[in-house]
Amino acid sequence: MSQTGGGTTGPVNAPQPAEAGTPAEFTAALKALRTWSGLTYRQLEAKATARGDALPASTIATTLGRTGLPRERFVDAFTRACGLGEEEAHQWLEVRRRIATGAPAPASGKTGRGGSRASAPGGPLPARAPRVRRAAGPVVAAALGIAATLGAGSLFDASAPPTAPPAMPVSGLRILAVGSWARIHPARTPGLCLTEGRDRRGRYKTAVAAQRPCAKAALPHVFLEPLAKDIVQIQWHHPRFGIGCLTVLRDGPGRDLLEPRDDCADDDRAQRFRVEPFGPSAAERFRIRPVVTGQCLSLRDQDTGDGAEVVQGRCSGAADQDFLIELIPPPQAP
């Protein structure tokens, strides 16, 4: 993945962190690198494992969802899994050390190892490379090792001072540019959370999105990843079942339900959701609309009870199409 010529050596068009000056900017650069690689969290985990590194998919998502400075061993394993060589990975480590020690950024046009300056992480990102698709289906059981040797707590530098969010990619919601962990509540019943449930009619046999008491909804963890302005992917992270992306079912016995599928793909319109402010501007209330149909998420039969399924339907402005989105700290390894 490297090229030579013109006095430079490095992967073609790979994002670089040369001008990152804060932990948040460095994390945004790591997110851009993951986008450039075109790899899913699971594929990055597999590549790291093949190299002898431990890099659980859940740890990648948690680390990229923070604004603090990741530890050196995460940066080393992650950049190599993304396809960088030794020289390029070392450049990322140098920038990480510079930020950790508070040293000034190099003069414009230079990098720490004499290479040419890359575009600033805060500037325009490279075109989003589509994730490599896997076979569609329910979330495949796979241990993510949340309590593994390289758990999120061991890879994240808790001593780094908090920094302000770099952007607001969703109007009215202070979601980070790298994505944020969240709970989604029906506005009518804020004690309930959108989580894993079942089709109570018995027509669709695999897990679907439903509302349950939040005390019973500790898993899966919900992660909102921005894909475009006001467009997100709703990811479910589970220590046993891995990472699934909510997908609108458009036909078959599960029609209009939402299923978590492990074939996450940024370009799958059935996995893209438009988040729009809905109701009082200061209430963090939103309408969530699947991009593939333009309809609205609601509760089946406007049910307010435990286990009511989330479905898509005509946007009516009804109370069951009103959702609260609560941003929460990253989940901690047990």
# chains A, B, ... in the order shown; residues from 1 in each chain; ligands from 1
$ closest_atom_pairs --of "region 297-330 of chain A" --to "region 181-204 of chain A" --cutoff "7 Å" --atoms "only C-alpha atoms" --output "CSV"
residue,atom,partner,partner_atom,distance
A:Thr304,CA,A:Thr189,CA,7.0
A:Gly307,CA,A:Gly197,CA,6.3
A:Glu309,CA,A:Asp199,CA,6.7
A:Ala319,CA,A:Arg188,CA,6.8
A:Asp320,CA,A:Pro186,CA,6.8
A:Asp322,CA,A:Ala187,CA,5.5
A:Phe323,CA,A:Pro186,CA,4.5
A:Leu324,CA,A:His185,CA,5.0
A:Ile325,CA,A:Ile184,CA,4.7
A:Glu326,CA,A:Arg183,CA,5.1
A:Leu327,CA,A:Ala182,CA,4.3
A:Ile328,CA,A:Ala182,CA,5.2
A:Pro329,CA,A:Trp181,CA,6.5
A:Pro330,CA,A:Trp181,CA,5.9
$ write_last_selection --atoms "N, CA, C and O atoms" --output "PDB file, in the first residue's frame"
ATOM      1  N   THR A 304     -47.224   2.059  24.091  1.00  0.00           N
ATOM      2  CA  THR A 304     -46.321   2.641  25.087  1.00  0.00           C
ATOM      3  C   THR A 304     -45.749   1.579  26.026  1.00  0.00           C
ATOM      4  O   THR A 304     -45.021   1.918  26.958  1.00  0.00           O
ATOM      5  N   GLY A 307     -41.607  -3.746  25.344  1.00  0.00           N
ATOM      6  CA  GLY A 307     -41.498  -4.697  24.244  1.00  0.00           C
ATOM      7  C   GLY A 307     -42.091  -4.233  22.936  1.00  0.00           C
ATOM      8  O   GLY A 307     -41.977  -4.947  21.927  1.00  0.00           O
ATOM      9  N   GLU A 309     -42.443  -2.900  19.397  1.00  0.00           N
ATOM     10  CA  GLU A 309     -41.450  -2.891  18.343  1.00  0.00           C
ATOM     11  C   GLU A 309     -41.334  -1.503  17.706  1.00  0.00           C
ATOM     12  O   GLU A 309     -42.318  -0.775  17.570  1.00  0.00           O
ATOM     13  N   ALA A 319     -47.174  11.457  18.432  1.00  0.00           N
ATOM     14  CA  ALA A 319     -46.270  11.478  19.581  1.00  0.00           C
ATOM     15  C   ALA A 319     -45.296  10.313  19.583  1.00  0.00           C
ATOM     16  O   ALA A 319     -44.194  10.422  20.128  1.00  0.00           O
ATOM     17  N   ASP A 320     -45.666   9.193  18.965  1.00  0.00           N
ATOM     18  CA  ASP A 320     -44.769   8.031  18.993  1.00  0.00           C
ATOM     19  C   ASP A 320     -43.629   8.153  17.987  1.00  0.00           C
ATOM     20  O   ASP A 320     -42.776   7.261  17.911  1.00  0.00           O
ATOM     21  N   ASP A 322     -41.639  10.825  18.172  1.00  0.00           N
ATOM     22  CA  ASP A 322     -40.837  11.824  18.875  1.00  0.00           C
ATOM     23  C   ASP A 322     -39.870  11.080  19.799  1.00  0.00           C
ATOM     24  O   ASP A 322     -40.299  10.322  20.679  1.00  0.00           O
ATOM     25  N   PHE A 323     -38.546  11.287  19.598  1.00  0.00           N
ATOM     26  CA  PHE A 323     -37.543  10.557  20.356  1.00  0.00           C
ATOM     27  C   PHE A 323     -36.581  11.517  21.053  1.00  0.00           C
ATOM     28  O   PHE A 323     -36.248  12.586  20.518  1.00  0.00           O
ATOM     29  N   LEU A 324     -36.155  11.136  22.234  1.00  0.00           N
ATOM     30  CA  LEU A 324     -35.091  11.819  22.950  1.00  0.00           C
ATOM     31  C   LEU A 324     -33.794  11.074  22.694  1.00  0.00           C
ATOM     32  O   LEU A 324     -33.759   9.835  22.772  1.00  0.00           O
ATOM     33  N   ILE A 325     -32.729  11.802  22.397  1.00  0.00           N
ATOM     34  CA  ILE A 325     -31.410  11.183  22.222  1.00  0.00           C
ATOM     35  C   ILE A 325     -30.509  11.703  23.324  1.00  0.00           C
ATOM     36  O   ILE A 325     -30.207  12.899  23.398  1.00  0.00           O
ATOM     37  N   GLU A 326     -30.088  10.816  24.189  1.00  0.00           N
ATOM     38  CA  GLU A 326     -29.248  11.141  25.339  1.00  0.00           C
ATOM     39  C   GLU A 326     -27.824  10.685  25.058  1.00  0.00           C
ATOM     40  O   GLU A 326     -27.576   9.490  24.892  1.00  0.00           O
ATOM     41  N   LEU A 327     -26.886  11.615  24.966  1.00  0.00           N
ATOM     42  CA  LEU A 327     -25.490  11.260  24.758  1.00  0.00           C
ATOM     43  C   LEU A 327     -24.886  10.864  26.106  1.00  0.00           C
ATOM     44  O   LEU A 327     -25.103  11.512  27.120  1.00  0.00           O
ATOM     45  N   ILE A 328     -24.126   9.787  26.118  1.00  0.00           N
ATOM     46  CA  ILE A 328     -23.605   9.224  27.363  1.00  0.00           C
ATOM     47  C   ILE A 328     -22.092   8.994  27.249  1.00  0.00           C
ATOM     48  O   ILE A 328     -21.549   8.945  26.137  1.00  0.00           O
ATOM     49  N   PRO A 329     -21.399   8.830  28.369  1.00  0.00           N
ATOM     50  CA  PRO A 329     -19.965   8.520  28.309  1.00  0.00           C
ATOM     51  C   PRO A 329     -19.737   7.146  27.674  1.00  0.00           C
ATOM     52  O   PRO A 329     -20.634   6.298  27.668  1.00  0.00           O
ATOM     53  N   PRO A 330     -18.545   6.922  27.138  1.00  0.00           N
ATOM     54  CA  PRO A 330     -18.228   5.604  26.585  1.00  0.00           C
ATOM     55  C   PRO A 330     -18.374   4.526  27.640  1.00  0.00           C
ATOM     56  O   PRO A 330     -18.041   4.741  28.808  1.00  0.00           O
TER      57      PRO A 330
END
$ residues_around --residues "region 289-301 of chain A" --least-positions-apart "2" --cutoff "7 Å" --atoms "only C-alpha atoms" --output "list of chain:residue names"
A:Arg269, A:Ala270, A:Arg272, A:Phe273, A:Arg274, A:Val275, A:Arg287, A:Asp303, A:Ala308, A:Glu309, A:Val310, A:Val311, A:Gln312, A:Gly313, A:Arg314, A:Cys315, A:Asp320, A:Gln321
$ select_by_dssp --residues "region 286-320 of chain A" --states "strand (DSSP E or B)" --output "number ranges by chain"
A: 286-290, 296-299, 309-313
$ write_last_selection --atoms "C-alpha atoms" --output "PDB file, in the first residue's frame"
ATOM      1  CA  PHE A 286     -35.773  14.307  17.289  1.00  0.00           C
ATOM      2  CA  ARG A 287     -37.519  12.545  14.466  1.00  0.00           C
ATOM      3  CA  ILE A 288     -35.530   9.631  12.994  1.00  0.00           C
ATOM      4  CA  ARG A 289     -36.103   8.881   9.330  1.00  0.00           C
ATOM      5  CA  PRO A 290     -34.672   5.955   7.328  1.00  0.00           C
ATOM      6  CA  CYS A 296     -40.349   7.982  10.161  1.00  0.00           C
ATOM      7  CA  LEU A 297     -39.543   5.618  12.986  1.00  0.00           C
ATOM      8  CA  SER A 298     -42.382   5.071  15.410  1.00  0.00           C
ATOM      9  CA  LEU A 299     -43.781   2.436  17.785  1.00  0.00           C
ATOM     10  CA  GLU A 309     -41.450  -2.891  18.343  1.00  0.00           C
ATOM     11  CA  VAL A 310     -39.875   0.043  16.509  1.00  0.00           C
ATOM     12  CA  VAL A 311     -41.223   0.268  12.958  1.00  0.00           C
ATOM     13  CA  GLN A 312     -41.077   2.668  10.040  1.00  0.00           C
ATOM     14  CA  GLY A 313     -44.207   4.324   8.768  1.00  0.00           C
TER      15      GLY A 313
END
$ closest_residue --among "A:Ala77, A:His90, A:Ala28, A:Gly305" --to "Thr49 (chain A)" --atoms "only C-alpha atoms"
A:Ala77
$ atom_distance --atom1 "CA of Asp266 (chain A)" --atom2 "CA of Gln233 (chain A)"
7.6 Å
